[in-house]
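Asks: Can you read through this structure? Questions will come right after.
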Amino acid sequence: MSAIYPNQLAQNLKPLPALVLLWGEDAGAIRQAAQQVIKATQIDTADPFACEKLTLSDLQTTPTRLAESAQTLSFTSPHRLILVQGISGAEAATTLAALTEAVKSTLSFPLQGVTIVIPVPHALDKTSPLVKAAETHAQALSVRFFVEAGANLSQWLQTELKALGQSIEPDALQLLTEGLGADKELARRELEKLATYAGDETPITTTHVLASLAGSTPADAFRLAEAVGQRNPQKADALLQNLLGQGEDLSAAFTLTLRHLALLKQAQTLKAQGQPDAEILKLTGKLRAPKPVQNDFLNQAKRYPPQRLQTLPEYAIETLTHARSGLLESNFVLHRALLALSA
């Protein structure tokens, strides 16, 4: 059937579809929707006869596995549930192609008494063959989860903080919006931590936000942003290797670095307007930083190539597009981009 919006999911689970493809940028909402579908089937996921859990590796090793599982009858339930798990959205194109072929093959058979749930964050768009396969099949659902626009996300953050008995300064709200991303499930947990950290202090400031987010972001990611601003590729590479060795996704480090470079661009603009250093530090949120940190920031703004900062938005979009395309491993793309920014 044609694509539906997330708020239409519940009404389209009666009768249960044979396949539900959940895709888009909001990974938290996708996880929640997968649980909603599972609950609607009334199947115990711990029952191995009624529920089968497959991975992309299973489908690559045995391309017919999904179709064979969909044709298998359950001994303990009138319905059968198949969960395709562990998809991050950063997989190689060949891996996602194997998933697409497995789904197409499965949908070519008559499907009765089975629901297949496939959550795929980040990796697909409306032209993807997997999306088209789901949208053109009478027994399949395709549900897209859009990223909130900046204004909508800011409003949601304010509403959530109000429910927690807190308010937030405009600069801190902007920083929070940039730092949390589109995953509302993770964002809600970070907001609870932020409110706890701020305690009785209100409104929440940028100092609160930076301190709270730092607790969930490796220290090396912050050091990396500074190394890029300092144009120190040797230090940047060493920090990148540390982050990768810790098993970190470089997305957070890339976001932090982009924000730091945006501050350098702001500082350059203010300097060109004739603003004194004290005003530049105030407007870029560095006024309360230790003196050595302030001096280093001003030096970075002085030395970093203005032309590179002017093209930063386009560079960021291009990099993220490549990182999510599946043609190359995401961390490899981000590693290469961060080193280029540090040169």
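Chain labels run A, B, ... following the order of the structure tokens; each chain numbers its residues from 1, and ligands are numbered from 1 in the order shown.
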Could you give me, as a ChimeraX atom specification, the residues within 8 Å of range 88-93 of chain A, counting only C-alpha atoms and dropping anything in the same chain fewer than 4 positions from it?

Replies: /A:97,120-123,323-330

Asks: Export C-alpha atoms of the chosen residues as a PDB file, in the first residue's frame?

Replies:
```
ATOM      1  CA  ALA A  97      21.071  -4.285  -1.190  1.00  0.00           C
ATOM      2  CA  VAL A 120      15.911   1.209   9.104  1.00  0.00           C
ATOM      3  CA  PRO A 121      17.111   4.582  10.457  1.00  0.00           C
ATOM      4  CA  HIS A 122      19.002   7.130   8.314  1.00  0.00           C
ATOM      5  CA  ALA A 123      19.874   4.990   5.281  1.00  0.00           C
ATOM      6  CA  ALA A 323      28.425   9.298   5.414  1.00  0.00           C
ATOM      7  CA  ARG A 324      24.808   8.147   5.169  1.00  0.00           C
ATOM      8  CA  SER A 325      24.920   6.918   1.577  1.00  0.00           C
ATOM      9  CA  GLY A 326      26.249   3.480   2.518  1.00  0.00           C
ATOM     10  CA  LEU A 327      28.851   3.624  -0.232  1.00  0.00           C
ATOM     11  CA  LEU A 328      31.600   4.014   2.373  1.00  0.00           C
ATOM     12  CA  GLU A 329      31.672   3.279   6.104  1.00  0.00           C
ATOM     13  CA  SER A 330      30.298   6.322   7.974  1.00  0.00           C
TER      14      SER A 330
END
```

Asks: Within range 99-329 of chain A, find each residue whose DSSP state, derived from the backbone, is alpha helix (DSSP H), and express the selection as JSON, numbers by chain.

Replies: {"A": [99, 100, 101, 102, 103, 104, 105, 106, 107, 129, 130, 131, 132, 133, 134, 135, 150, 151, 152, 153, 154, 155, 156, 157, 158, 159, 160, 161, 162, 163, 170, 171, 172, 173, 174, 175, 176, 177, 178, 179, 180, 184, 185, 186, 187, 188, 189, 190, 191, 192, 193, 194, 195, 196, 197, 198, 206, 207, 208, 209, 210, 211, 212, 213, 214, 219, 220, 221, 222, 223, 224, 225, 226, 227, 228, 229, 233, 234, 235, 236, 237, 238, 239, 240, 241, 242, 243, 244, 245, 251, 252, 253, 254, 255, 256, 257, 258, 259, 260, 261, 262, 263, 264, 265, 266, 267, 268, 269, 270, 271, 272, 277, 278, 279, 280, 281, 282, 283, 291, 292, 293, 294, 295, 296, 297, 298, 299, 300, 301, 302, 303, 306, 307, 308, 309, 310, 312, 313, 314, 315, 316, 317, 318, 319, 320, 321, 322, 323, 324, 325]}

Asks: What is the CA of Lys193 in chain A-CA of Gln246 in chain A distance in Å, reported with one decimal?

Replies: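 Answer for the CA of Lys193 in chain A to CA of Gln246 in chain A separation: 23.2 Å.
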
Asks: Would you kindly return, as a PyMOL selection string, each protein, DNA or RNA residue with an atom no farther than 8 Å from any atom of Phe146 in chain A, considering only C-alpha atoms and excluding same-chain residues fewer than 3 positions away?

Replies: chain A and resi 24-26

Asks: Have a look at A:Ser342, A:Arg189, A:Leu107, A:Ala134 and name the one nearest to Glu160 in chain A; count only C-alpha atoms.

Replies: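 Of all the options, A:Arg189 lies closest to Glu160 in chain A.
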
Asks: What lies within 8 Å of Phe222 in chain A using only C-alpha atoms, ignoring chain neighbours under 5 positions off, as a PDB file with C-alpha atoms, in the first residue's frame?

Replies:
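The new file out35.pdb reads:
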```pdb
ATOM      1  CA  ALA A 253      32.520  14.726  17.221  1.00  0.00           C
ATOM      2  CA  LEU A 256      30.841  19.527  17.925  1.00  0.00           C
ATOM      3  CA  THR A 257      33.548  20.505  15.466  1.00  0.00           C
TER       4      THR A 257
END
```

Asks: Applying 12 Å and only C-alpha atoms, which residues near Leu270 in chain A remain after dropping the ones on its own chain fewer than 4 positions away? List them as a PDB file with N, CA and C atoms, in the first residue's frame.

Replies:
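Dumped everything to around.pdb:
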```pdb
ATOM      1  N   LEU A 263      31.474  29.135  15.499  1.00  0.00           N
ATOM      2  CA  LEU A 263      31.831  30.195  16.447  1.00  0.00           C
ATOM      3  C   LEU A 263      33.046  30.982  15.951  1.00  0.00           C
ATOM      4  N   LEU A 264      33.996  30.282  15.337  1.00  0.00           N
ATOM      5  CA  LEU A 264      35.154  30.969  14.764  1.00  0.00           C
ATOM      6  C   LEU A 264      34.718  31.906  13.643  1.00  0.00           C
ATOM      7  N   LYS A 265      33.779  31.454  12.840  1.00  0.00           N
ATOM      8  CA  LYS A 265      33.254  32.300  11.763  1.00  0.00           C
ATOM      9  C   LYS A 265      32.564  33.530  12.342  1.00  0.00           C
ATOM     10  N   GLN A 266      31.779  33.325  13.408  1.00  0.00           N
ATOM     11  CA  GLN A 266      31.107  34.445  14.063  1.00  0.00           C
ATOM     12  C   GLN A 266      32.131  35.442  14.604  1.00  0.00           C
ATOM     13  N   GLY A 274      34.684  45.519  13.565  1.00  0.00           N
ATOM     14  CA  GLY A 274      35.363  46.412  14.480  1.00  0.00           C
ATOM     15  C   GLY A 274      35.057  46.178  15.948  1.00  0.00           C
ATOM     16  N   GLN A 275      34.463  45.033  16.278  1.00  0.00           N
ATOM     17  CA  GLN A 275      34.132  44.755  17.678  1.00  0.00           C
ATOM     18  C   GLN A 275      35.411  44.446  18.466  1.00  0.00           C
ATOM     19  N   PRO A 276      35.512  44.906  19.709  1.00  0.00           N
ATOM     20  CA  PRO A 276      36.679  44.588  20.544  1.00  0.00           C
ATOM     21  C   PRO A 276      36.652  43.127  20.980  1.00  0.00           C
ATOM     22  N   ASP A 277      37.807  42.634  21.409  1.00  0.00           N
ATOM     23  CA  ASP A 277      37.916  41.223  21.797  1.00  0.00           C
ATOM     24  C   ASP A 277      36.933  40.857  22.907  1.00  0.00           C
ATOM     25  N   ALA A 278      36.752  41.750  23.864  1.00  0.00           N
ATOM     26  CA  ALA A 278      35.844  41.457  24.981  1.00  0.00           C
ATOM     27  C   ALA A 278      34.423  41.216  24.495  1.00  0.00           C
ATOM     28  N   GLU A 279      33.984  42.003  23.512  1.00  0.00           N
ATOM     29  CA  GLU A 279      32.634  41.833  22.979  1.00  0.00           C
ATOM     30  C   GLU A 279      32.542  40.550  22.153  1.00  0.00           C
ATOM     31  N   ILE A 280      33.606  40.240  21.425  1.00  0.00           N
ATOM     32  CA  ILE A 280      33.631  38.992  20.651  1.00  0.00           C
ATOM     33  C   ILE A 280      33.510  37.791  21.585  1.00  0.00           C
ATOM     34  N   LEU A 281      34.266  37.808  22.669  1.00  0.00           N
ATOM     35  CA  LEU A 281      34.219  36.704  23.637  1.00  0.00           C
ATOM     36  C   LEU A 281      32.840  36.600  24.274  1.00  0.00           C
ATOM     37  N   LYS A 282      32.220  37.731  24.531  1.00  0.00           N
ATOM     38  CA  LYS A 282      30.883  37.733  25.128  1.00  0.00           C
ATOM     39  C   LYS A 282      29.857  37.132  24.173  1.00  0.00           C
ATOM     40  N   LEU A 283      29.878  37.577  22.919  1.00  0.00           N
ATOM     41  CA  LEU A 283      28.866  37.146  21.953  1.00  0.00           C
ATOM     42  C   LEU A 283      29.060  35.702  21.495  1.00  0.00           C
ATOM     43  N   THR A 284      30.272  35.179  21.656  1.00  0.00           N
ATOM     44  CA  THR A 284      30.528  33.783  21.276  1.00  0.00           C
ATOM     45  C   THR A 284      30.498  32.846  22.478  1.00  0.00           C
ATOM     46  N   LEU A 298      40.658  33.219  20.288  1.00  0.00           N
ATOM     47  CA  LEU A 298      40.882  34.391  19.437  1.00  0.00           C
ATOM     48  C   LEU A 298      41.968  34.129  18.403  1.00  0.00           C
ATOM     49  N   ALA A 301      40.467  32.001  15.635  1.00  0.00           N
ATOM     50  CA  ALA A 301      39.633  32.821  14.751  1.00  0.00           C
ATOM     51  C   ALA A 301      40.490  33.658  13.804  1.00  0.00           C
ATOM     52  N   LYS A 302      41.646  34.074  14.281  1.00  0.00           N
ATOM     53  CA  LYS A 302      42.548  34.886  13.466  1.00  0.00           C
ATOM     54  C   LYS A 302      43.210  34.064  12.372  1.00  0.00           C
TER      55      LYS A 302
END
```

Asks: Applying 7 Å and only C-alpha atoms, which residues near range 204-210 of chain A remain after dropping the ones on its own chain fewer than 4 positions away? List them as a PyMOL selection string.

Replies: chain A and resi 167-169+171-172+176+194+198+214

Asks: Considering only C-alpha atoms, return as number ranges by chain whatever protein or nucleic-acid residues lie within 10 Å of range 60-63 of chain A, sequence-local ones (same chain, fewer than 3 positions apart) excluded.

Replies: A: 55-57, 66-68, 94-99, 101-103, 105
